[in-house]
>>> print(open('data.txt').read())   # compact mmCIF, C-alpha atoms
# COMPACT_ATOMS: atom_id res chain seq x y z
CA MET A 1 0.00 0.00 0.00
CA LYS A 2 1.35 3.38 -1.00
CA VAL A 3 2.25 5.79 1.79
CA THR A 4 0.28 9.05 1.91
CA LEU A 5 0.42 12.17 4.02
CA ALA A 6 -2.57 10.85 5.95
CA ASP A 7 -0.41 8.08 7.41
CA THR A 8 1.39 7.99 10.73
CA VAL A 9 4.86 6.53 10.98
CA LYS A 10 6.19 4.52 13.89
CA ILE A 11 9.84 3.73 14.51
CA PRO A 12 10.25 0.11 15.63
CA GLU A 13 11.95 -0.56 18.95
CA ARG A 14 14.69 -2.50 17.20
CA ILE A 15 15.86 0.69 15.50
CA THR A 16 18.19 3.00 17.37
CA PHE A 17 19.62 6.21 15.99
CA ARG A 18 22.14 8.90 16.73
CA ARG A 19 22.96 12.25 15.19
CA VAL A 20 26.49 12.56 13.80
CA ARG A 21 27.22 16.20 12.98
CA ASP A 22 24.45 17.03 10.44
CA GLU A 23 23.66 13.43 9.60
CA MET A 24 21.93 10.53 11.28
CA ALA A 25 23.12 6.96 11.86
CA LEU A 26 20.32 4.39 12.07
CA LEU A 27 21.01 0.91 13.35
CA ASN A 28 18.84 -2.18 13.30
CA LEU A 29 19.67 -3.89 16.59
CA ASP A 30 18.26 -7.20 15.40
CA THR A 31 20.52 -7.49 12.39
CA GLY A 32 23.45 -5.10 12.90
CA VAL A 33 22.61 -3.42 9.60
CA TYR A 34 23.12 0.32 9.67
CA PHE A 35 22.11 3.22 7.48
CA GLY A 36 22.93 6.89 7.16
CA LEU A 37 20.74 9.87 6.40
CA ASP A 38 21.99 13.10 4.94
CA GLU A 39 21.13 16.49 6.40
CA VAL A 40 17.62 16.78 4.99
CA GLY A 41 16.83 13.14 5.65
CA THR A 42 18.07 13.63 9.19
CA ARG A 43 15.65 16.48 9.79
CA MET A 44 12.80 14.43 8.34
CA TRP A 45 13.73 11.54 10.62
CA GLU A 46 13.81 13.78 13.69
CA LEU A 47 10.35 15.09 12.85
CA LEU A 48 9.07 11.58 12.16
CA ALA A 49 10.36 10.48 15.54
CA GLU A 50 8.75 13.49 17.19
CA HIS A 51 5.37 13.61 15.46
CA GLY A 52 4.81 10.41 13.54
CA ARG A 53 2.02 12.06 11.54
CA LEU A 54 3.26 12.73 8.02
CA ASP A 55 1.03 15.75 7.48
CA LEU A 56 2.61 17.42 10.51
CA VAL A 57 6.11 16.49 9.37
CA ALA A 58 5.37 17.96 5.95
CA GLN A 59 4.11 21.20 7.50
CA ARG A 60 7.22 21.59 9.63
CA MET A 61 9.54 20.87 6.72
CA GLU A 62 7.72 23.41 4.57
CA ALA A 63 8.19 26.00 7.31
CA GLU A 64 11.89 25.23 7.70
CA TYR A 65 13.04 24.79 4.11
CA ASP A 66 12.76 27.19 1.20
CA VAL A 67 11.73 24.46 -1.21
CA PRO A 68 8.46 24.05 -3.15
CA ALA A 69 5.91 22.19 -1.01
CA ASP A 70 5.25 19.59 -3.70
CA GLN A 71 8.91 18.66 -3.89
CA LEU A 72 9.24 18.41 -0.12
CA ARG A 73 6.18 16.20 0.16
CA GLU A 74 7.43 13.99 -2.65
CA ASP A 75 10.84 13.68 -0.97
CA LEU A 76 9.22 12.91 2.38
CA LEU A 77 6.99 10.19 0.98
CA ARG A 78 9.87 8.68 -0.94
CA LEU A 79 12.01 8.65 2.18
CA VAL A 80 9.27 6.97 4.20
CA GLU A 81 8.82 4.35 1.49
CA GLU A 82 12.53 3.60 1.63
CA LEU A 83 12.55 3.51 5.41
CA ARG A 84 9.64 1.12 5.39
CA ALA A 85 11.21 -1.09 2.74
CA LYS A 86 14.35 -1.38 4.86
CA GLY A 87 12.46 -2.10 8.05
CA LEU A 88 13.44 1.19 9.63
CA ALA A 89 9.90 2.52 9.95
CA GLU A 90 6.37 1.14 10.01
CA ILE A 91 3.01 2.63 9.17
CA ALA A 92 1.01 2.75 12.40
CA MET B 1 36.75 9.48 23.01
CA ILE B 2 38.13 6.39 24.66
CA ARG B 3 37.67 5.64 28.33
CA HIS B 4 40.42 3.16 29.12
CA GLN B 5 39.02 -0.03 30.64
CA VAL B 6 42.18 -0.56 32.66
CA ILE B 7 45.74 0.69 32.53
CA GLY B 8 48.46 -1.90 32.95
CA LEU B 9 51.76 -1.53 34.73
CA LEU B 10 54.23 -4.08 33.44
CA TYR B 11 55.99 -4.19 36.78
CA THR B 12 58.70 -6.63 35.82
CA ARG B 13 59.75 -8.68 32.83
CA THR B 14 61.20 -11.34 35.10
CA CYS B 15 59.10 -14.45 35.57
CA PRO B 16 59.82 -17.86 37.08
CA LEU B 17 58.26 -19.33 33.96
CA ALA B 18 59.46 -19.12 30.37
CA CYS B 19 56.27 -19.83 28.49
CA GLY B 20 56.62 -20.44 24.79
CA HIS B 21 53.72 -18.16 23.90
CA CYS B 22 54.72 -15.20 26.08
CA ILE B 23 54.18 -11.99 24.16
CA SER B 24 56.27 -9.99 26.64
CA GLU B 25 59.13 -12.49 26.32
CA SER B 26 59.30 -12.86 30.07
CA SER B 27 61.50 -15.49 31.70
CA PRO B 28 63.79 -15.98 34.70
CA GLN B 29 66.55 -14.30 32.69
CA ALA B 30 64.48 -11.36 31.44
CA ARG B 31 65.38 -8.04 33.04
CA GLY B 32 63.52 -4.79 33.45
CA ARG B 33 61.62 -3.74 36.53
CA MET B 34 59.52 -0.76 37.44
CA ARG B 35 60.53 1.24 40.50
CA PRO B 36 57.88 1.91 43.15
CA GLU B 37 58.48 5.66 42.87
CA GLN B 38 57.68 5.44 39.15
CA VAL B 39 54.35 3.86 39.97
CA ARG B 40 53.63 6.53 42.56
CA ARG B 41 54.20 9.16 39.89
CA TYR B 42 51.96 7.37 37.41
CA LEU B 43 49.01 6.55 39.64
CA PRO B 44 47.37 10.01 39.74
CA ALA B 45 47.52 10.24 35.94
CA ILE B 46 46.12 6.75 35.61
CA ARG B 47 43.23 7.73 37.86
CA GLN B 48 42.30 10.54 35.47
CA PHE B 49 41.84 8.14 32.57
CA SER B 50 40.59 4.92 34.12
CA GLU B 51 38.96 3.45 37.18
CA ARG B 52 41.30 0.47 37.16
CA VAL B 53 44.98 -0.31 37.29
CA CYS B 54 46.53 -3.72 36.78
CA PHE B 55 49.95 -4.98 37.82
CA THR B 56 51.22 -7.33 35.17
CA GLY B 57 54.48 -8.74 33.94
CA GLY B 58 56.44 -10.97 33.93
CA GLU B 59 55.40 -12.01 37.37
CA PRO B 60 54.59 -9.00 39.54
CA LEU B 61 54.10 -11.19 42.60
CA LEU B 62 57.83 -11.86 42.65
CA PHE B 63 57.82 -8.53 44.50
CA PRO B 64 54.92 -8.97 46.88
CA SER B 65 55.76 -6.29 49.44
CA GLU B 66 56.03 -3.63 46.72
CA ILE B 67 52.80 -4.72 45.06
CA LEU B 68 50.97 -4.75 48.39
CA GLN B 69 52.14 -1.24 49.27
CA LEU B 70 51.39 0.15 45.81
CA THR B 71 47.99 -1.53 45.81
CA ALA B 72 47.10 0.21 49.04
CA GLU B 73 48.23 3.54 47.59
CA ALA B 74 46.22 2.99 44.40
CA ARG B 75 43.16 2.14 46.46
CA GLU B 76 43.58 5.36 48.43
CA ILE B 77 43.06 7.41 45.27
CA GLY B 78 40.04 5.37 44.24
CA LEU B 79 41.51 2.90 41.76
CA GLU B 80 40.37 -0.69 41.54
CA VAL B 81 43.44 -2.88 41.47
CA SER B 82 44.04 -6.21 39.79
CA VAL B 83 47.09 -8.37 39.29
CA VAL B 84 48.01 -10.82 36.54
CA THR B 85 49.93 -13.87 37.68
CA GLY B 86 51.14 -17.13 36.23
CA ALA B 87 51.16 -18.72 39.70
CA GLY B 88 54.85 -19.52 39.27
CA TRP B 89 55.59 -18.19 42.73
CA VAL B 90 53.16 -20.60 44.41
CA LYS B 91 54.97 -23.42 46.19
CA ASN B 92 52.02 -24.90 48.05
CA GLU B 93 48.46 -24.19 49.13
CA ALA B 94 49.45 -22.57 52.42
CA MET B 95 51.67 -20.09 50.59
CA ALA B 96 48.90 -19.28 48.13
CA ARG B 97 46.45 -18.62 50.97
CA GLU B 98 48.87 -16.46 52.90
CA ARG B 99 49.73 -14.28 49.90
CA VAL B 100 46.11 -14.01 48.78
CA GLY B 101 45.14 -12.94 52.29
CA GLU B 102 47.67 -10.12 52.08
CA LEU B 103 46.42 -9.11 48.65
CA ALA B 104 42.85 -9.03 49.88
CA ALA B 105 43.82 -6.93 52.89
CA ALA B 106 45.66 -4.48 50.63
CA GLY B 107 42.54 -4.08 48.52
CA ILE B 108 43.19 -6.14 45.37
CA SER B 109 39.81 -6.76 43.79
CA ARG B 110 40.73 -9.14 40.97
CA VAL B 111 43.36 -11.77 40.27
CA VAL B 112 43.90 -12.81 36.68
CA ILE B 113 45.49 -16.25 36.56
CA SER B 114 47.19 -17.19 33.33
CA TRP B 115 46.83 -20.91 32.93
CA ASP B 116 47.14 -23.05 29.85
CA PRO B 117 49.40 -25.67 28.27
CA TYR B 118 52.23 -23.19 27.98
CA HIS B 119 52.16 -22.40 31.71
CA GLU B 120 51.66 -26.02 32.66
CA GLU B 121 55.04 -26.89 31.18
CA PHE B 122 56.61 -25.03 34.09
CA GLY B 123 54.42 -25.77 37.07
CA PRO B 124 51.77 -28.12 38.38
CA ARG B 125 48.14 -27.37 37.78
CA ALA B 126 47.53 -27.82 41.51
CA HIS B 127 49.29 -24.52 42.21
CA ALA B 128 47.05 -22.55 39.89
CA LEU B 129 44.01 -24.30 41.32
CA ALA B 130 45.11 -23.58 44.89
CA LEU B 131 45.58 -19.92 44.00
CA ALA B 132 42.16 -19.68 42.35
CA GLN B 133 40.49 -21.40 45.31
CA ALA B 134 42.26 -19.15 47.82
CA ALA B 135 41.28 -16.01 45.92
CA CYS B 136 37.65 -17.11 45.69
CA ASP B 137 37.61 -17.88 49.41
CA ALA B 138 39.05 -14.43 50.13
CA GLY B 139 36.32 -12.75 48.10
CA ILE B 140 38.64 -11.69 45.27
CA ALA B 141 37.26 -11.97 41.74
CA VAL B 142 39.19 -14.44 39.61
CA ASP B 143 39.68 -14.50 35.84
CA LEU B 144 41.27 -17.55 34.30
CA ARG B 145 43.10 -16.47 31.15
CA THR B 146 43.75 -19.41 28.90
CA VAL B 147 45.71 -19.32 25.66
CA VAL B 148 45.06 -22.53 23.84
CA PRO B 149 46.97 -23.76 20.80
CA ALA B 150 44.72 -24.30 17.82
CA ASN B 151 45.36 -28.04 17.98
CA ARG B 152 44.53 -28.52 21.68
CA SER B 153 41.29 -28.75 23.63
CA LEU B 154 40.34 -25.75 25.73
CA GLU B 155 38.24 -27.93 27.99
CA ASP B 156 41.29 -29.82 29.22
CA TYR B 157 42.51 -26.63 30.85
CA GLN B 158 39.28 -25.01 31.97
CA ALA B 159 37.46 -28.07 33.33
CA PRO B 160 39.46 -28.36 36.57
CA PHE B 161 38.45 -24.79 37.43
CA ARG B 162 34.77 -25.07 36.62
CA LYS B 163 33.74 -25.83 40.18
CA LEU B 164 34.88 -22.31 41.14
CA PRO B 165 32.92 -19.08 40.59
CA ILE B 166 35.43 -17.60 38.19
CA HIS B 167 35.37 -15.86 34.83
CA PHE B 168 37.03 -17.54 31.88
CA GLU B 169 38.93 -15.67 29.17
CA THR B 170 40.13 -17.57 26.15
CA SER B 171 42.36 -16.74 23.22
CA VAL B 172 44.75 -18.31 20.77
CA PRO B 173 48.46 -17.50 20.68
CA VAL B 174 49.50 -14.24 19.04
CA ARG B 175 52.53 -14.73 16.82
CA LEU B 176 54.64 -12.10 18.49
CA GLY B 177 57.37 -12.16 21.13
CA SER B 178 58.36 -15.65 22.26
CA ALA B 179 55.41 -17.08 20.32
CA ARG B 180 57.25 -16.49 17.07
CA SER B 181 59.13 -19.70 17.84
CA LEU B 182 56.01 -21.81 18.37
CA PRO B 183 55.10 -24.52 15.86
CA GLU B 184 52.77 -23.40 13.11
CA ALA B 185 50.19 -25.90 14.27
CA ASP B 186 49.70 -23.86 17.46
CA PHE B 187 48.15 -20.99 15.52
CA ARG B 188 44.77 -20.54 13.92
CA TRP B 189 45.40 -19.28 10.41
CA TRP B 190 43.29 -16.97 8.27
CA ASP B 191 43.82 -16.95 4.53
CA GLY B 192 43.19 -13.22 4.31
CA PRO B 193 42.93 -10.22 6.61
CA PRO B 194 41.03 -11.52 9.66
CA VAL B 195 37.78 -9.96 10.83
CA GLY B 196 37.43 -9.09 14.48
CA THR B 197 37.45 -6.16 16.84
CA CYS B 198 39.90 -5.57 19.64
CA ASN B 199 39.15 -4.45 23.17
CA VAL B 200 42.76 -4.77 24.24
CA VAL B 201 43.42 -1.42 22.59
CA LEU B 202 41.33 0.08 25.40
CA ARG B 203 43.88 -1.22 27.91
CA PRO B 204 47.17 0.63 27.52
CA VAL B 205 50.24 -0.66 29.28
CA ILE B 206 53.26 1.09 30.74
CA GLU B 207 56.58 -0.71 30.59
CA PRO B 208 59.44 -0.50 33.13
CA ASP B 209 61.38 1.98 30.97
CA GLY B 210 58.32 4.26 30.83
CA SER B 211 57.24 3.28 27.31
CA VAL B 212 53.49 3.41 26.95
CA TYR B 213 51.70 1.26 24.41
CA ALA B 214 48.06 1.23 23.43
CA CYS B 215 47.89 -2.49 24.07
CA CYS B 216 49.88 -5.28 25.63
CA GLY B 217 50.01 -7.10 22.31
CA PRO B 218 51.48 -5.72 19.13
CA GLY B 219 52.06 -2.28 20.63
CA ASN B 220 55.44 -3.29 21.95
CA PHE B 221 56.49 -4.44 18.49
CA SER B 222 55.35 -1.30 16.71
CA ARG B 223 57.41 1.36 15.03
CA ARG B 224 57.78 4.59 16.95
CA SER B 225 55.53 6.31 14.42
CA SER B 226 52.66 3.88 15.07
CA PRO B 227 49.53 5.11 16.87
CA LEU B 228 49.99 2.06 19.10
CA ALA B 229 53.27 3.48 20.45
CA LEU B 230 52.00 6.25 22.68
CA GLY B 231 55.21 7.73 24.07
CA ASN B 232 57.47 7.50 27.09
CA ALA B 233 56.25 8.56 30.50
CA GLU B 234 59.82 9.17 31.63
CA GLU B 235 60.19 11.79 28.91
CA ARG B 236 56.71 13.35 28.80
CA PRO B 237 53.90 13.60 31.33
CA LEU B 238 51.80 10.46 31.43
CA GLU B 239 48.65 12.61 31.46
CA GLU B 240 49.60 14.04 28.09
CA ILE B 241 50.31 10.59 26.66
CA LEU B 242 47.05 9.07 27.89
CA GLN B 243 45.04 12.10 26.80
CA ARG B 244 46.38 11.78 23.28
CA ALA B 245 45.52 8.10 23.24
CA ALA B 246 42.03 8.74 24.55
CA CYS B 247 41.38 11.15 21.69
CA ASP B 248 42.98 9.12 18.90
CA PRO B 249 40.27 8.15 16.41
CA ILE B 250 42.38 5.30 15.06
CA LEU B 251 42.55 3.62 18.46
CA GLU B 252 38.83 4.05 18.97
CA ALA B 253 38.18 2.67 15.50
CA ILE B 254 40.28 -0.42 16.28
CA SER B 255 38.02 -1.08 19.24
CA LEU B 256 34.84 -0.45 17.26
CA ILE B 257 35.45 -1.88 13.80
CA GLY B 258 38.72 -3.74 14.30
CA PRO B 259 41.84 -3.72 12.17
CA HIS B 260 39.79 -5.27 9.37
CA GLY B 261 37.47 -2.26 9.41
CA LEU B 262 40.48 0.01 9.03
CA TYR B 263 41.85 -2.22 6.30
CA ARG B 264 38.59 -1.95 4.38
CA LEU B 265 38.48 1.81 4.70
CA LEU B 266 42.00 1.95 3.27
CA GLN B 267 41.17 -0.37 0.39
CA GLU B 268 38.27 1.91 -0.56
CA GLU B 269 40.71 4.75 -1.11
CA GLY B 270 42.58 5.24 -4.35
CA ASN B 271 45.88 3.43 -4.56
CA ASP B 272 48.07 6.27 -3.35
CA GLY B 273 50.51 4.11 -1.44
CA SER B 274 48.30 3.93 1.62
CA ARG B 275 46.82 0.55 0.79
CA ILE B 276 48.08 -2.39 2.78
CA GLU B 277 49.35 -5.32 0.79
CA PRO B 278 47.72 -8.29 2.49
CA ARG B 279 49.86 -11.12 3.80
CA ARG B 280 49.30 -14.57 2.40
CA ARG B 281 47.89 -15.58 5.75
CA TYR B 282 47.44 -14.24 9.27
CA SER B 283 47.59 -15.77 12.72
CA GLY B 284 45.21 -13.12 14.06
CA VAL B 285 44.07 -9.51 14.03
CA CYS B 286 47.25 -8.30 15.74
CA GLU B 287 49.34 -8.89 12.61
CA LEU B 288 46.93 -6.88 10.49
CA CYS B 289 46.83 -4.15 13.13
CA LEU B 290 50.64 -3.97 13.13
CA ASP B 291 50.87 -3.81 9.35
CA ILE B 292 48.39 -0.95 9.14
CA ASN B 293 49.70 1.12 12.02
CA ASP B 294 53.36 0.66 11.09
CA SER B 295 52.66 2.30 7.72
CA PRO B 296 52.85 6.10 8.03
CA ALA B 297 51.06 6.44 4.68
CA ALA B 298 48.21 4.21 5.84
CA VAL B 299 47.92 6.02 9.15
CA ALA B 300 47.82 9.41 7.45
CA ALA B 301 45.17 8.18 5.01
CA LEU B 302 43.12 6.73 7.85
CA ARG B 303 43.18 9.97 9.80
CA THR B 304 41.63 11.70 6.81
CA ARG B 305 39.29 8.84 5.99
CA LEU B 306 37.89 8.60 9.52
CA GLU B 307 36.81 12.26 9.32
CA ALA B 308 34.56 11.60 6.31
CA SER B 309 30.85 11.49 6.97
CA ASP B 310 30.33 7.89 5.87
CA ALA B 311 33.08 6.73 8.22
CA GLN B 312 31.57 8.79 11.02
CA ILE B 313 28.21 7.11 10.40
CA LEU B 314 29.90 3.71 10.48
CA LEU B 315 31.61 4.48 13.80
CA ALA B 316 28.41 5.87 15.29
CA ALA B 317 26.56 2.69 14.34
CA ALA B 318 29.37 0.63 15.82
CA ARG B 319 29.22 2.61 19.07
CA MET B 320 25.47 2.10 19.32
CA TRP B 321 25.86 -1.60 18.67
CA ALA B 322 28.58 -1.91 21.31
CA GLU B 323 26.52 -0.02 23.86
CA GLU B 324 23.44 -2.08 23.21
CA LYS B 325 25.02 -5.48 22.93
CA GLN B 326 27.95 -4.90 25.27
CA VAL B 327 30.13 -6.47 22.61
CA SER B 328 32.31 -5.12 19.88
CA PRO B 329 30.64 -4.50 16.56
CA VAL B 330 31.68 -4.85 12.98
CA PRO B 331 29.05 -3.19 10.80
CA GLU B 332 30.07 -3.69 7.24
CA ARG B 333 30.03 -0.48 5.33
CA THR B 334 28.17 2.61 4.28
CA ARG B 335 28.29 4.78 1.22
CA ALA B 336 28.01 8.48 0.59
CA SER B 337 24.60 9.91 1.30
CA ARG B 338 22.36 11.65 -1.16
CA HIS B 339 19.69 14.20 -0.59
CA GLY B 340 16.92 12.84 1.55
CA GLU B 341 17.68 9.23 0.82
CA VAL B 342 18.42 6.37 3.04
CA HIS B 343 21.69 4.77 2.22
CA GLY B 344 23.65 2.02 3.72
CA ASN B 345 24.55 -1.55 3.37
CA GLU B 346 24.21 -4.81 5.13
CA GLY B 347 26.68 -5.62 7.82
CA HIS B 348 26.49 -8.16 10.55
CA ALA B 349 28.15 -7.50 13.80
CA ARG B 350 30.39 -10.55 13.75
>>> encode(input="data.txt", output="structure tokens")
Amino acid sequence: MKVTLADTVKIPERITFRRVRDEMALLNLDTGVYFGLDEVGTRMWELLAEHGRLDLVAQRMEAEYDVPADQLREDLLRLVEELRAKGLAEIA
Amino acid sequence: MIRHQVIGLLYTRTCPLACGHCISESSPQARGRMRPEQVRRYLPAIRQFSERVCFTGGEPLLFPSEILQLTAEAREIGLEVSVVTGAGWVKNEAMARERVGELAAAGISRVVISWDPYHEEFGPRAHALALAQAACDAGIAVDLRTVVPANRSLEDYQAPFRKLPIHFETSVPVRLGSARSLPEADFRWWDGPPVGTCNVVLRPVIEPDGSVYACCGPGNFSRRSSPLALGNAEERPLEEILQRAACDPILEAISLIGPHGLYRLLQEEGNDGSRIEPRRRYSGVCELCLDINDSPAAVAALRTRLEASDAQILLAAARMWAEEKQVSPVPERTRASRHGEVHGNEGHAR
């Protein structure tokens, strides 16, 4: 099922994360597999961890970044799809 | 930044035993002994960088009155104190109990007994057992450190101690020091650079001449330019030497991703002379660690490489894994990030 802005994202307990300078390290504690997010992905992750609701995350990103709203929303949904595919996030 | 697990004082190279695997090449003929006043100078600096100090050797309990006095002084400044012994000084059970009683009274909290086929060539097993029993009875924690040749059974050496509440440490011989003369069959061989992390790099050791090494293994066999050779505490303040070690990203990386992790980071670089030409085979991670850290070009490349964001992500993941699992991690690799995308790669922590 395709992710939409009406969805809420949950970070599984097996995933731990830590900011490294402007980036984020994500680690799956079940498998030892790790991932990195760049600066924008890091901010999206922080907001996902804080709010969960994608519409709220999109609103905050739009307020913080001088980027067309459509592009930001597209980037956000694509990121969440990737996170979900890699087991780093779930749709609540 | 590293917090040293323990800082070792190689109190003497002399030992009643002359074990074939001894990495510090200790024996009855070996010379080199720390002076008590040296230790008194070092202890406050040690306290700044660790909660624990360990008297090792050689056989530090060849000098029991000095070790007892220095233990009491280390305890006074809040250090936990341990001692590594091969039990070569034990003549009988009564002697073991008497000495252990003194150690307990002085405040020793842990006795590490080295016991394996190499030690057994020089003394009866009963002495090591008597020492372990006496320490347990005195409320001192006991570690049994066993180095087993690849072609021998570990159980033969641990089984007699299993009735005691002790902790077992096991390893295979490291082909350095006296062990270079051991038969090839004693070693476990890897066909390429071996995977594995190293916690020993979190346990620097100070030698009788003041030399400080990041570990009690290959450090002593390193070139002066190696990050494993930390300096000389008779020439520079020990605080300065330990501070530099605590902040060295290469040493932390050895503990987090192992020499193999460093090797892989180097191989990812262009071939600018910093790549390490692999040996045909290895007897363990120490040889790979030596090869990398003895190469000034490799060390320089690593210092740059470890600053890059993908390496920082790797180390952060390794730290999280270590904290969570209380073991050393080896995540595999990461690649450069792109805008808003997850990146990464599979890597199992073994």
>>> closest_residue(input="data.txt", among="B:Ala298, B:Ile140, B:Ala134, B:Ala126", to="Pro160 in chain B", atoms="only C-alpha atoms")
B:Ala126
>>> residues_around(input="data.txt", residues="range 245-255 of chain B", least_positions_apart="2", cutoff="8 Å", atoms="only C-alpha atoms", output="list of chain:residue names")
B:Met1, B:Ile2, B:Arg3, B:His4, B:Thr197, B:Cys198, B:Asn199, B:Val200, B:Val201, B:Leu202, B:Ala214, B:Pro227, B:Leu228, B:Leu230, B:Ile241, B:Leu242, B:Gln243, B:Ile257, B:Gly258, B:Pro259, B:Gly261, B:Leu262, B:Leu302, B:Arg303, B:Leu306, B:Leu315, B:Ser328
>>> closest_residue(input="data.txt", among="A:Ala89, A:Arg14, A:Leu76, A:Val20", to="Val33 in chain A", atoms="only C-alpha atoms")
A:Arg14
>>> closest_residue(input="data.txt", among="B:Ala308, B:Ile313, B:Val83, B:Leu144", to="chain A", atoms="all atoms listed in the file")
B:Ile313
>>> closest_atom_pairs(input="data.txt", of="chain A", to="chain B", cutoff="7 Å", atoms="only C-alpha atoms", output="Markdown table")
| residue | atom | partner | partner_atom | distance |
| --- | --- | --- | --- | --- |
| A:Val20 | CA | B:Ile313 | CA | 6.6 |
| A:Ala25 | CA | B:Ile313 | CA | 5.3 |
| A:Leu26 | CA | B:Ala317 | CA | 6.9 |
| A:Leu27 | CA | B:Ala317 | CA | 5.9 |
| A:Leu29 | CA | B:Trp321 | CA | 6.9 |
| A:Thr31 | CA | B:His348 | CA | 6.3 |
| A:Gly32 | CA | B:His348 | CA | 4.9 |
| A:Val33 | CA | B:Glu346 | CA | 4.9 |
| A:Tyr34 | CA | B:Gly344 | CA | 6.2 |
| A:Phe35 | CA | B:Gly344 | CA | 4.2 |
| A:Gly36 | CA | B:His343 | CA | 5.5 |
| A:Leu37 | CA | B:Val342 | CA | 5.4 |
| A:Asp38 | CA | B:Ser337 | CA | 5.5 |
| A:Val40 | CA | B:Gly340 | CA | 5.3 |
| A:Gly41 | CA | B:Gly340 | CA | 4.1 |
| A:Asp75 | CA | B:Gly340 | CA | 6.6 |
| A:Leu79 | CA | B:Glu341 | CA | 5.9 |
| A:Glu82 | CA | B:Val342 | CA | 6.7 |
| A:Leu83 | CA | B:Val342 | CA | 6.9 |
>>> residues_near_point(input="data.txt", point="(5.3, 5.1, 6.9)", cutoff="12 Å", atoms="only C-alpha atoms", output="JSON, numbers by chain")
{"A": [1, 2, 3, 4, 5, 6, 7, 8, 9, 10, 11, 12, 45, 48, 49, 52, 53, 54, 55, 57, 76, 77, 78, 79, 80, 81, 82, 83, 84, 85, 86, 87, 88, 89, 90, 91, 92]}
>>> write_last_selection(input="data.txt", atoms="C-alpha atoms", output="compact mmCIF listing (two decimals), keeping the file's coordinate frame")
# COMPACT_ATOMS: atom_id res chain seq x y z
CA MET A 1 0.00 0.00 0.00
CA LYS A 2 1.35 3.38 -1.00
CA VAL A 3 2.25 5.79 1.79
CA THR A 4 0.28 9.05 1.91
CA LEU A 5 0.42 12.17 4.02
CA ALA A 6 -2.57 10.85 5.95
CA ASP A 7 -0.41 8.08 7.41
CA THR A 8 1.39 7.99 10.73
CA VAL A 9 4.86 6.53 10.98
CA LYS A 10 6.19 4.52 13.89
CA ILE A 11 9.84 3.73 14.51
CA PRO A 12 10.25 0.11 15.63
CA TRP A 45 13.73 11.54 10.62
CA LEU A 48 9.07 11.58 12.16
CA ALA A 49 10.36 10.48 15.54
CA GLY A 52 4.81 10.41 13.54
CA ARG A 53 2.02 12.06 11.54
CA LEU A 54 3.26 12.73 8.02
CA ASP A 55 1.03 15.75 7.48
CA VAL A 57 6.11 16.49 9.37
CA LEU A 76 9.22 12.91 2.38
CA LEU A 77 6.99 10.19 0.98
CA ARG A 78 9.87 8.68 -0.94
CA LEU A 79 12.01 8.65 2.18
CA VAL A 80 9.27 6.97 4.20
CA GLU A 81 8.82 4.35 1.49
CA GLU A 82 12.53 3.60 1.63
CA LEU A 83 12.55 3.51 5.41
CA ARG A 84 9.64 1.12 5.39
CA ALA A 85 11.21 -1.09 2.74
CA LYS A 86 14.35 -1.38 4.86
CA GLY A 87 12.46 -2.10 8.05
CA LEU A 88 13.44 1.19 9.63
CA ALA A 89 9.90 2.52 9.95
CA GLU A 90 6.37 1.14 10.01
CA ILE A 91 3.01 2.63 9.17
CA ALA A 92 1.01 2.75 12.40
>>> atom_distance(input="data.txt", atom1="CA of Ala229 in chain B", atom2="CA of Pro208 in chain B")
14.7 Å
>>> atom_distance(input="data.txt", atom1="CA of Leu288 in chain B", atom2="CA of Gly196 in chain B")
10.5 Å
>>> atom_distance(input="data.txt", atom1="CA of Gly231 in chain B", atom2="CA of Cys215 in chain B")
12.6 Å
>>> residues_near_point(input="data.txt", point="(41.7, -13.6, 40.0)", cutoff="8 Å", atoms="all atoms listed in the file", output="JSON, numbers by chain")
{"B": [82, 83, 84, 110, 111, 112, 113, 132, 135, 136, 140, 141, 142, 143, 144, 166]}
>>> residues_around(input="data.txt", residues="Tyr282 in chain B", least_positions_apart="6", cutoff="7 Å", atoms="only C-alpha atoms", output="list in words")
Trp189, Trp190, Asp191, Gly192, Pro193 and Pro194 of chain B
>>> closest_residue(input="data.txt", among="B:Gly139, B:Gly123, B:Gly86, B:Gly219", to="Ala105 in chain B", atoms="all atoms listed in the file")
B:Gly139
>>> closest_residue(input="data.txt", among="A:Glu23, A:Glu50, A:Thr16, A:Met44", to="Glu64 in chain A", atoms="only C-alpha atoms")
A:Met44
>>> decode(input="data.txt", residues="range 67-71 of chain A", atoms="N, CA and C atoms", output="short mmCIF file (atom, residue, chain, number, x, y, z; two decimals), in the first residue's frame")
data_model
loop_
_atom_site.label_atom_id
_atom_site.label_comp_id
_atom_site.auth_asym_id
_atom_site.auth_seq_id
_atom_site.Cartn_x
_atom_site.Cartn_y
_atom_site.Cartn_z
N VAL A 67 11.83 25.40 -0.10
CA VAL A 67 11.73 24.46 -1.21
C VAL A 67 10.25 24.34 -1.54
N PRO A 68 9.88 24.20 -2.83
CA PRO A 68 8.46 24.05 -3.15
C PRO A 68 7.82 22.91 -2.36
N ALA A 69 6.60 23.15 -1.87
CA ALA A 69 5.91 22.19 -1.01
C ALA A 69 5.76 20.84 -1.69
N ASP A 70 5.45 20.86 -2.98
CA ASP A 70 5.25 19.59 -3.70
C ASP A 70 6.51 18.74 -3.67
N GLN A 71 7.64 19.41 -3.87
CA GLN A 71 8.91 18.66 -3.89
C GLN A 71 9.21 18.07 -2.52
#
